[in-house]
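Below: target-v4.cif (mmCIF, C-alpha atoms)
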data_target
#
loop_
_atom_site.label_atom_id
_atom_site.label_comp_id
_atom_site.auth_asym_id
_atom_site.auth_seq_id
_atom_site.Cartn_x
_atom_site.Cartn_y
_atom_site.Cartn_z
CA MET S 1 3.59 -54.62 -24.38
CA SER S 2 0.64 -52.75 -22.94
CA LEU S 3 -0.47 -51.70 -19.49
CA THR S 4 -3.55 -50.27 -17.83
CA ILE S 5 -3.58 -46.71 -16.57
CA ASN S 6 -6.25 -44.30 -15.47
CA LEU S 7 -6.29 -41.62 -18.14
CA ASN S 8 -8.44 -38.56 -17.40
CA GLY S 9 -10.64 -40.66 -15.16
CA GLU S 10 -11.01 -43.67 -17.50
CA GLU S 11 -9.31 -47.04 -17.17
CA THR S 12 -7.35 -47.26 -20.42
CA ARG S 13 -5.04 -49.80 -22.05
CA VAL S 14 -2.01 -48.05 -23.48
CA GLU S 15 1.34 -49.04 -24.96
CA GLN S 16 4.33 -48.91 -22.69
CA GLY S 17 6.39 -45.76 -23.12
CA SER S 18 6.87 -42.22 -21.96
CA LEU S 19 4.28 -39.51 -21.39
CA GLN S 20 5.37 -38.07 -24.71
CA ASP S 21 4.67 -41.44 -26.38
CA LEU S 22 1.27 -41.51 -24.70
CA LEU S 23 0.32 -38.14 -26.18
CA GLN S 24 1.38 -39.34 -29.62
CA GLN S 25 -0.57 -42.59 -29.23
CA ARG S 26 -3.66 -40.53 -28.44
CA GLY S 27 -3.15 -38.22 -31.40
CA ILE S 28 -2.16 -35.20 -29.31
CA ASP S 29 0.72 -33.10 -30.57
CA PRO S 30 3.22 -32.98 -27.68
CA SER S 31 4.40 -29.56 -28.81
CA ALA S 32 0.86 -28.12 -28.62
CA ARG S 33 0.78 -25.12 -26.31
CA ARG S 34 -1.26 -24.95 -23.12
CA ILE S 35 -1.33 -28.67 -22.37
CA ALA S 36 -0.25 -29.73 -18.88
CA ILE S 37 0.09 -33.19 -17.34
CA ALA S 38 -0.14 -34.58 -13.83
CA ARG S 39 0.97 -38.06 -12.93
CA ASN S 40 -0.30 -39.63 -9.73
CA GLY S 41 -1.32 -36.25 -8.36
CA ALA S 42 1.90 -34.41 -9.18
CA LEU S 43 2.68 -32.02 -12.01
CA VAL S 44 5.10 -33.31 -14.64
CA LYS S 45 6.78 -30.45 -16.43
CA ARG S 46 6.90 -30.47 -20.18
CA ASP S 47 10.63 -31.07 -20.44
CA SER S 48 10.21 -34.31 -18.48
CA TRP S 49 7.52 -35.78 -20.73
CA PRO S 50 10.03 -37.76 -22.87
CA LYS S 51 11.76 -39.11 -19.73
CA GLU S 52 8.79 -40.14 -17.58
CA THR S 53 7.84 -43.71 -18.41
CA LEU S 54 4.40 -45.04 -17.63
CA SER S 55 3.84 -47.67 -14.94
CA GLU S 56 0.91 -50.03 -14.45
CA GLY S 57 -1.90 -48.27 -12.57
CA ASP S 58 -0.65 -44.72 -13.14
CA ARG S 59 -3.22 -41.96 -12.82
CA ILE S 60 -2.58 -39.52 -15.64
CA GLU S 61 -4.39 -36.21 -16.07
CA ILE S 62 -3.95 -34.33 -19.32
CA VAL S 63 -5.48 -30.87 -19.03
CA ARG S 64 -5.80 -27.57 -20.80
CA PRO S 65 -7.44 -24.22 -20.10
CA LEU S 66 -11.07 -23.61 -20.91
CA ALA S 67 -13.58 -20.85 -20.27
CA GLY S 68 -14.13 -20.23 -16.60
CA GLY S 69 -15.58 -17.82 -14.09
CA MET O 70 -10.68 8.35 -14.80
CA SER O 71 -7.63 10.56 -14.87
CA ASP O 72 -7.65 11.42 -11.14
CA ASP O 73 -7.62 7.77 -10.03
CA THR O 74 -4.53 5.71 -9.41
CA PRO O 75 -4.20 2.36 -11.18
CA LEU O 76 -5.12 -0.72 -9.22
CA THR O 77 -2.02 -2.61 -8.14
CA ILE O 78 -2.17 -6.30 -7.27
CA ALA O 79 1.14 -7.98 -6.56
CA ASP O 80 3.46 -6.86 -9.37
CA ARG O 81 0.76 -5.77 -11.81
CA GLN O 82 -1.14 -2.59 -12.45
CA PHE O 83 -4.59 -2.40 -13.94
CA SER O 84 -6.32 0.65 -15.34
CA SER O 85 -9.61 -1.26 -15.50
CA ARG O 86 -11.14 -2.37 -12.23
CA VAL O 87 -13.36 -4.94 -13.90
CA PHE O 88 -12.27 -8.58 -14.07
CA LEU O 89 -14.39 -10.79 -16.27
CA GLY O 90 -15.14 -14.50 -16.43
CA THR O 91 -15.23 -16.19 -19.83
CA SER O 92 -17.81 -18.91 -19.22
CA ALA O 93 -21.48 -19.42 -20.12
CA TYR O 94 -21.81 -16.88 -22.94
CA PRO O 95 -24.22 -17.64 -25.79
CA ASN O 96 -21.22 -18.15 -28.06
CA LEU O 97 -17.51 -17.45 -28.40
CA GLN O 98 -17.94 -14.23 -30.35
CA VAL O 99 -20.28 -12.76 -27.74
CA MET O 100 -17.74 -13.65 -25.07
CA LEU O 101 -14.96 -11.89 -26.97
CA ASP O 102 -17.16 -8.84 -27.55
CA CYS O 103 -18.06 -8.72 -23.86
CA VAL O 104 -14.43 -8.96 -22.80
CA GLU O 105 -13.61 -6.05 -25.08
CA GLU O 106 -16.65 -3.96 -24.16
CA SER O 107 -16.13 -4.40 -20.42
CA GLY O 108 -12.71 -2.78 -20.67
CA THR O 109 -11.20 -5.57 -18.61
CA GLU O 110 -7.53 -6.47 -18.70
CA LEU O 111 -7.82 -9.72 -16.71
CA VAL O 112 -9.98 -12.70 -17.61
CA THR O 113 -10.62 -15.86 -15.63
CA LEU O 114 -10.21 -19.34 -17.06
CA SER O 115 -10.64 -22.88 -15.79
CA ILE O 116 -8.37 -25.91 -16.12
CA ARG O 117 -10.11 -29.03 -17.34
CA ARG O 118 -9.29 -32.48 -18.66
CA LEU O 119 -8.54 -32.53 -22.35
CA ASP O 120 -11.24 -34.27 -24.34
CA LEU O 121 -9.36 -37.27 -25.68
CA GLU O 122 -12.09 -38.15 -28.15
CA GLY O 123 -11.94 -34.98 -30.17
CA TYR O 124 -10.47 -31.53 -30.18
CA ALA O 125 -12.79 -28.75 -29.05
CA GLU O 126 -11.91 -25.14 -29.66
CA SER O 127 -10.47 -23.34 -26.65
CA PRO O 128 -11.16 -19.65 -26.10
CA VAL O 129 -7.70 -19.11 -24.72
CA ASP O 130 -5.94 -18.64 -28.04
CA LEU O 131 -8.29 -15.75 -28.80
CA LEU O 132 -7.58 -14.02 -25.50
CA GLU O 133 -3.82 -13.61 -25.80
CA ASP O 134 -4.09 -9.83 -25.40
CA TYR O 135 -5.40 -10.21 -21.85
CA ASP O 136 -3.88 -11.31 -18.58
CA PHE O 137 -5.06 -14.71 -17.42
CA LEU O 138 -6.43 -15.55 -14.00
CA PRO O 139 -6.90 -19.33 -13.93
CA ASN O 140 -9.28 -20.61 -11.28
CA THR O 141 -9.54 -23.79 -9.25
CA ALA O 142 -13.33 -23.86 -9.57
CA GLY O 143 -14.91 -27.14 -8.62
CA CYS O 144 -12.06 -28.25 -6.35
CA GLU O 145 -13.17 -29.49 -2.94
CA THR O 146 -9.82 -30.07 -1.30
CA ALA O 147 -6.64 -28.08 -0.86
CA ARG O 148 -4.75 -30.91 -2.54
CA ASP O 149 -6.82 -30.78 -5.74
CA ALA O 150 -6.74 -26.99 -5.81
CA ILE O 151 -2.96 -26.93 -5.42
CA LEU O 152 -2.49 -29.42 -8.25
CA THR O 153 -4.92 -27.45 -10.43
CA ALA O 154 -2.96 -24.26 -9.71
CA GLN O 155 0.30 -26.00 -10.62
CA LEU O 156 -1.22 -27.31 -13.86
CA ALA O 157 -2.52 -23.82 -14.61
CA ARG O 158 0.91 -22.31 -14.05
CA GLU O 159 2.45 -24.83 -16.42
CA SER O 160 -0.29 -24.40 -19.03
CA LEU O 161 -0.80 -20.64 -18.97
CA GLU O 162 2.63 -19.47 -17.84
CA THR O 163 1.20 -17.37 -15.05
CA ASN O 164 1.68 -17.78 -11.33
CA TRP O 165 -1.63 -16.03 -10.65
CA VAL O 166 -4.49 -18.15 -9.40
CA LYS O 167 -8.04 -17.50 -8.29
CA LEU O 168 -8.16 -20.02 -5.48
CA GLU O 169 -11.62 -21.46 -5.13
CA ILE O 170 -12.30 -24.43 -2.86
CA ILE O 171 -15.89 -25.44 -2.51
CA GLY O 172 -17.21 -26.80 0.76
CA ASP O 173 -20.74 -27.51 -0.39
CA ARG O 174 -21.93 -28.30 -3.89
CA GLU O 175 -25.35 -26.81 -3.43
CA THR O 176 -24.35 -23.35 -2.25
CA LEU O 177 -20.78 -23.42 -3.63
CA TYR O 178 -19.77 -21.88 -0.33
CA PRO O 179 -16.00 -21.69 0.22
CA ASP O 180 -14.37 -24.26 2.50
CA VAL O 181 -12.43 -21.89 4.71
CA GLU O 182 -10.22 -24.48 6.37
CA GLN O 183 -9.01 -25.86 3.03
CA LEU O 184 -8.71 -22.34 1.63
CA LEU O 185 -6.38 -21.18 4.38
CA SER O 186 -4.09 -24.19 4.07
CA ALA O 187 -3.99 -24.04 0.26
CA THR O 188 -3.29 -20.29 0.32
CA ASP O 189 -0.40 -20.88 2.69
CA GLU O 190 1.07 -23.62 0.54
CA LEU O 191 0.63 -21.85 -2.80
CA VAL O 192 2.11 -18.58 -1.52
CA LYS O 193 5.16 -20.52 -0.34
CA ASP O 194 5.36 -22.11 -3.79
CA GLY O 195 5.57 -18.68 -5.40
CA PHE O 196 1.99 -18.20 -6.52
CA THR O 197 0.10 -14.92 -6.57
CA VAL O 198 -3.00 -16.11 -4.78
CA LEU O 199 -6.41 -14.45 -5.00
CA PRO O 200 -8.70 -16.53 -2.80
CA TYR O 201 -12.46 -16.57 -3.26
CA CYS O 202 -13.74 -16.39 0.31
CA ASN O 203 -16.62 -15.65 2.63
CA ASP O 204 -17.59 -12.05 3.33
CA ASP O 205 -15.92 -12.45 6.71
CA PRO O 206 -13.44 -9.77 7.84
CA VAL O 207 -11.51 -12.19 10.03
CA ILE O 208 -11.04 -14.74 7.24
CA CYS O 209 -10.02 -11.98 4.83
CA LYS O 210 -7.42 -10.81 7.32
CA ARG O 211 -6.09 -14.35 7.85
CA LEU O 212 -5.77 -14.84 4.09
CA ALA O 213 -3.91 -11.54 3.72
CA ASP O 214 -1.62 -12.48 6.62
CA LEU O 215 -0.82 -15.74 4.83
CA GLY O 216 0.29 -13.73 1.81
CA ALA O 217 -2.76 -13.59 -0.44
CA ALA O 218 -2.18 -10.83 -3.02
CA ALA O 219 -5.83 -9.78 -2.82
CA VAL O 220 -8.95 -11.13 -1.19
CA MET O 221 -12.10 -11.97 -3.13
CA PRO O 222 -15.05 -11.98 -0.73
CA MET O 223 -18.37 -13.11 -2.10
CA GLY O 224 -21.09 -10.58 -2.80
CA SER O 225 -23.60 -13.42 -2.60
CA LEU O 226 -23.83 -17.00 -3.84
CA ILE O 227 -22.03 -17.76 -7.10
CA GLY O 228 -24.27 -17.17 -10.09
CA SER O 229 -27.18 -16.04 -7.92
CA GLY O 230 -27.42 -12.43 -9.08
CA MET O 231 -28.42 -11.50 -5.53
CA GLY O 232 -25.96 -8.60 -5.42
CA VAL O 233 -24.15 -7.58 -2.25
CA ALA O 234 -25.93 -9.61 0.40
CA ASN O 235 -24.09 -8.09 3.33
CA PRO O 236 -22.94 -4.57 2.49
CA ALA O 237 -21.89 -3.87 6.07
CA ASN O 238 -19.45 -6.78 5.99
CA ILE O 239 -18.03 -5.82 2.62
CA GLU O 240 -17.50 -2.26 3.82
CA LEU O 241 -15.79 -3.52 6.96
CA ILE O 242 -13.55 -5.83 4.93
CA CYS O 243 -12.59 -2.96 2.62
CA ARG O 244 -11.84 -0.66 5.53
CA GLN O 245 -9.62 -3.18 7.29
CA ALA O 246 -7.96 -4.89 4.36
CA GLU O 247 -4.27 -4.43 3.79
CA VAL O 248 -4.53 -6.00 0.34
CA PRO O 249 -6.89 -5.12 -2.53
CA VAL O 250 -10.47 -6.34 -2.20
CA VAL O 251 -12.00 -7.83 -5.35
CA ILE O 252 -15.66 -8.61 -4.79
CA ASP O 253 -16.49 -11.85 -6.52
CA ALA O 254 -19.71 -13.75 -7.10
CA GLY O 255 -23.34 -12.86 -6.92
CA LEU O 256 -23.30 -9.46 -8.60
CA GLY O 257 -26.30 -9.27 -10.91
CA THR O 258 -26.33 -5.92 -12.66
CA ALA O 259 -24.69 -2.49 -12.93
CA SER O 260 -26.10 -1.12 -9.65
CA ASP O 261 -24.44 -3.98 -7.75
CA VAL O 262 -21.14 -2.94 -9.31
CA VAL O 263 -21.66 0.70 -8.34
CA GLN O 264 -22.52 -0.32 -4.78
CA SER O 265 -19.44 -2.54 -4.52
CA PHE O 266 -17.13 0.33 -5.40
CA GLU O 267 -18.99 2.78 -3.15
CA LEU O 268 -18.43 0.34 -0.28
CA GLY O 269 -14.72 0.51 -1.02
CA CYS O 270 -13.97 -2.50 -3.19
CA ASP O 271 -10.91 -2.12 -5.38
CA ALA O 272 -12.23 -4.26 -8.24
CA VAL O 273 -15.15 -6.47 -9.22
CA LEU O 274 -15.18 -9.89 -10.82
CA LEU O 275 -18.27 -10.85 -12.78
CA ASN O 276 -19.23 -13.64 -15.10
CA THR O 277 -22.86 -14.76 -15.00
CA ALA O 278 -24.25 -11.21 -14.72
CA VAL O 279 -22.78 -10.43 -18.11
CA ALA O 280 -22.85 -13.82 -19.81
CA ARG O 281 -26.51 -14.51 -19.02
CA ALA O 282 -27.86 -10.98 -19.48
CA ARG O 283 -30.48 -10.65 -22.19
CA ASN O 284 -27.94 -8.57 -24.08
CA PRO O 285 -24.50 -9.58 -22.76
CA VAL O 286 -22.49 -7.03 -24.73
CA ALA O 287 -24.71 -4.17 -23.58
CA MET O 288 -24.38 -5.42 -19.98
CA ALA O 289 -20.60 -5.57 -20.34
CA ARG O 290 -20.68 -1.91 -21.35
CA ALA O 291 -23.00 -1.06 -18.44
CA VAL O 292 -20.61 -2.81 -16.03
CA ARG O 293 -17.69 -0.79 -17.33
CA HIS O 294 -19.56 2.47 -16.80
CA ALA O 295 -20.83 1.31 -13.40
CA ALA O 296 -17.29 0.54 -12.28
CA GLU O 297 -16.16 3.99 -13.30
CA ALA O 298 -19.17 5.67 -11.66
CA GLY O 299 -18.93 3.68 -8.44
CA ARG O 300 -15.21 4.18 -8.10
CA ALA O 301 -15.57 7.92 -8.80
CA ALA O 302 -18.32 8.19 -6.18
CA HIS O 303 -16.17 6.35 -3.66
CA LEU O 304 -13.28 8.73 -4.25
CA ALA O 305 -15.62 11.74 -4.17
CA GLY O 306 -16.97 10.70 -0.77
CA ARG O 307 -20.68 10.41 -0.24
CA ILE O 308 -22.59 12.57 2.25
CA PRO O 309 -23.52 10.94 5.54
CA LYS O 310 -27.07 9.64 5.83
CA ARG O 311 -29.27 11.47 8.37
CA PRO O 312 -32.80 10.85 9.48
CA HIS O 313 -34.04 14.41 8.93
CA ALA O 314 -34.44 16.88 6.07
CA GLU O 315 -31.95 19.61 5.38
CA ALA O 316 -33.03 22.19 2.79
CA SER O 317 -30.59 22.67 0.02
CA SER O 318 -31.95 26.04 -1.12
CA PRO O 319 -31.09 29.18 0.90
CA GLN O 320 -33.53 29.90 3.75
CA MET O 321 -33.06 33.71 3.61
CA GLY O 322 -35.14 35.98 1.37
CA LEU O 323 -38.07 33.66 0.83
CA VAL O 324 -40.84 35.29 -1.28
CA GLY O 325 -43.81 36.38 0.87
CA SER O 326 -41.98 36.19 4.22
#
Encoding of this model in structure tokens:
Amino acid sequence: MSLTINLNGEETRVEQGSLQDLLQQRGIDPSARRIAIARNGALVKRDSWPKETLSEGDRIEIVRPLAGG
Amino acid sequence: MSDDTPLTIADRQFSSRVFLGTSAYPNLQVMLDCVEESGTELVTLSIRRLDLEGYAESPVDLLEDYDFLPNTAGCETARDAILTAQLARESLETNWVKLEIIGDRETLYPDVEQLLSATDELVKDGFTVLPYCNDDPVICKRLADLGAAAVMPMGSLIGSGMGVANPANIELICRQAEVPVVIDAGLGTASDVVQSFELGCDAVLLNTAVARARNPVAMARAVRHAAEAGRAAHLAGRIPKRPHAEASSPQMGLVGS
């Protein structure tokens, strides 16, 4: 079963599952350092990624540090 | 400089008074060389969406020897800046944040109202907050009263290279501040750095001045020397300016008198 979420600003169809599953679906190693996730405007800490299940319409931000001034 | 004390911000001491941004260099190697040549111990970073279509190299893994100061650049509301700071803390394992909230996209001028409320909230959430702010002594005082670990008044508009637009304000801020003053934005070359320290700033933060110089690595070196010279001059204490001449050679025993 799939649902539609907003992933990094794009409407995206994804498989139901946890945030951890989402990373794996997108080919991102969930153990990679420096990645952080917000769900609906709130930080989700790394240890909650396997527990947080996606809901229809979720706004998910997956971020990492880049160069900056 | 052996006779200087280290700069202390919150729980950290710095022997270098130069903070350096990591953006807009010709390439990654030049950035790394500039960071090293500047003598800095603290580099700024941004937090951005991961590119889901392909992995791009991040500079962060190559900067592990330095302390990180993540910024909230580009945020226009306290809410976005707070979330960005929280994401940065999770990602970089630092509670330090350069709080930047933009009120106008053209001038990148800080939105003071949002800045004050975000500073308040982030300090309560355990962050070490360094807000980028106007060169306004009252705002700097308010930010310090809210618990900002340092204040970062603008020299002039971000990326403008216009130097210290209002030296009188910066001097006033430095004289009154109860927290370290890190001048941020607008510095264009070494003389701006010297002037900032002579006015009493505790540190400088540069990015564009170095990254976009014709020779960035040479400019990074110039900035390091300028910081040392300006700080030394500040500690030495300049002579007062006066509107008349005062001979420096002895007036007695002039030949032919």
Hey, which bits of chain S sit within 6 Å of chain O, and for each residue what's the closest pair of atoms and how far apart in Å (one decimal), counting all atoms listed in the file, rows by chain and increasing number, as a Markdown table?
| residue | atom | partner | partner_atom | distance |
| --- | --- | --- | --- | --- |
| S:Arg34 | CA | O:Ser160 | CA | 4.2 |
| S:Ile35 | CA | O:Ser160 | CA | 5.5 |
| S:Ala36 | CA | O:Ser160 | CA | 5.3 |
| S:Ile62 | CA | O:Arg118 | CA | 5.7 |
| S:Val63 | CA | O:Arg118 | CA | 4.2 |
| S:Arg64 | CA | O:Ile116 | CA | 5.6 |
| S:Pro65 | CA | O:Ile116 | CA | 4.4 |
| S:Leu66 | CA | O:Ser115 | CA | 5.2 |
| S:Ala67 | CA | O:Ser92 | CA | 4.8 |
| S:Gly68 | CA | O:Leu114 | CA | 4.0 |
| S:Gly69 | CA | O:Gly90 | CA | 4.1 |
CA of Leu226 (chain O) to CA of Val248 (chain O), straight-line distance in Å: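 That distance, rounded to one decimal, is 22.6 Å.
The spacing separating CA of Ile171 (chain O) from CA of Ala38 (chain S) amounts to 21.4 Å.
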Expected residue set, 9 Å radius at (-26.3, -14.3, -23.2), only C-alpha atoms, as a ChimeraX atom specification: /O:93-96,99-100,277,279-286
Measure the distance from CA of Val181 (chain O) to CA of Ala246 (chain O) in Å and round it to one decimal.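 Calculated distance between CA of Val181 (chain O) and CA of Ala246 (chain O) is 17.6 Å.
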Near-region 7-13 of chain S list (7 Å; only C-alpha atoms; drop same-chain fewer than 2 positions) as a ChimeraX atom specification: /S:2-5,59-62 /O:118
Using the chain letters and numbers from the file, give me the residues hit by the PyMOL selection byres ((chain O and resi 192-196) around 8), as a ChimeraX atom specification. /O:164-166,188-191,197-198,215-217
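Using the PyMOL selection byres ((chain S and resi 18-22) around 6) on the file at hand returns these residues: Gly17, Leu23, Gln24, Gln25, Trp49, Pro50, Glu52, Thr53 and Leu54 of chain S.
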Quick one: residues within 10 Å of region 256-259 of chain O, only C-alpha atoms, excluding same-chain residues fewer than 5 positions away - as a PyMOL selection string? chain O and resi 223-234+264-265+273-279+281-282+288-296+298-299
I'd like the box whose edges run along x, y and z of the file and which contains every listed atom of region 194-207 of chain O, padded by 6 Å per side; could you state its centre and edge lengths in Å, one decimal, as AutoDock Vina command-line options?
--center_x -6.0 --center_y -15.9 --center_z 1.7 --size_x 35.2 --size_y 24.3 --size_z 28.6
Choose the residue, out of O:Leu323, O:Ala218, O:Ala287, O:Ile239, that has the smallest atom-to-atom separation from Val104 (chain O); count only C-alpha atoms. O:Ala287
Looking at all atoms listed in the file, which of O:Pro309, O:Gly269, O:Pro249, O:Gly325 is the one that sits closest to Leu76 (chain O)? O:Pro249
The PyMOL selection byres ((chain O and resi 209) around 12) applied to the shown file, residues as JSON, numbers by chain: {"O": [181, 184, 185, 188, 199, 200, 201, 202, 203, 204, 205, 206, 207, 208, 210, 211, 212, 213, 214, 215, 216, 217, 218, 219, 220, 221, 222, 223, 238, 239, 241, 242, 243, 244, 245, 246, 247, 248, 249, 250, 251, 252]}
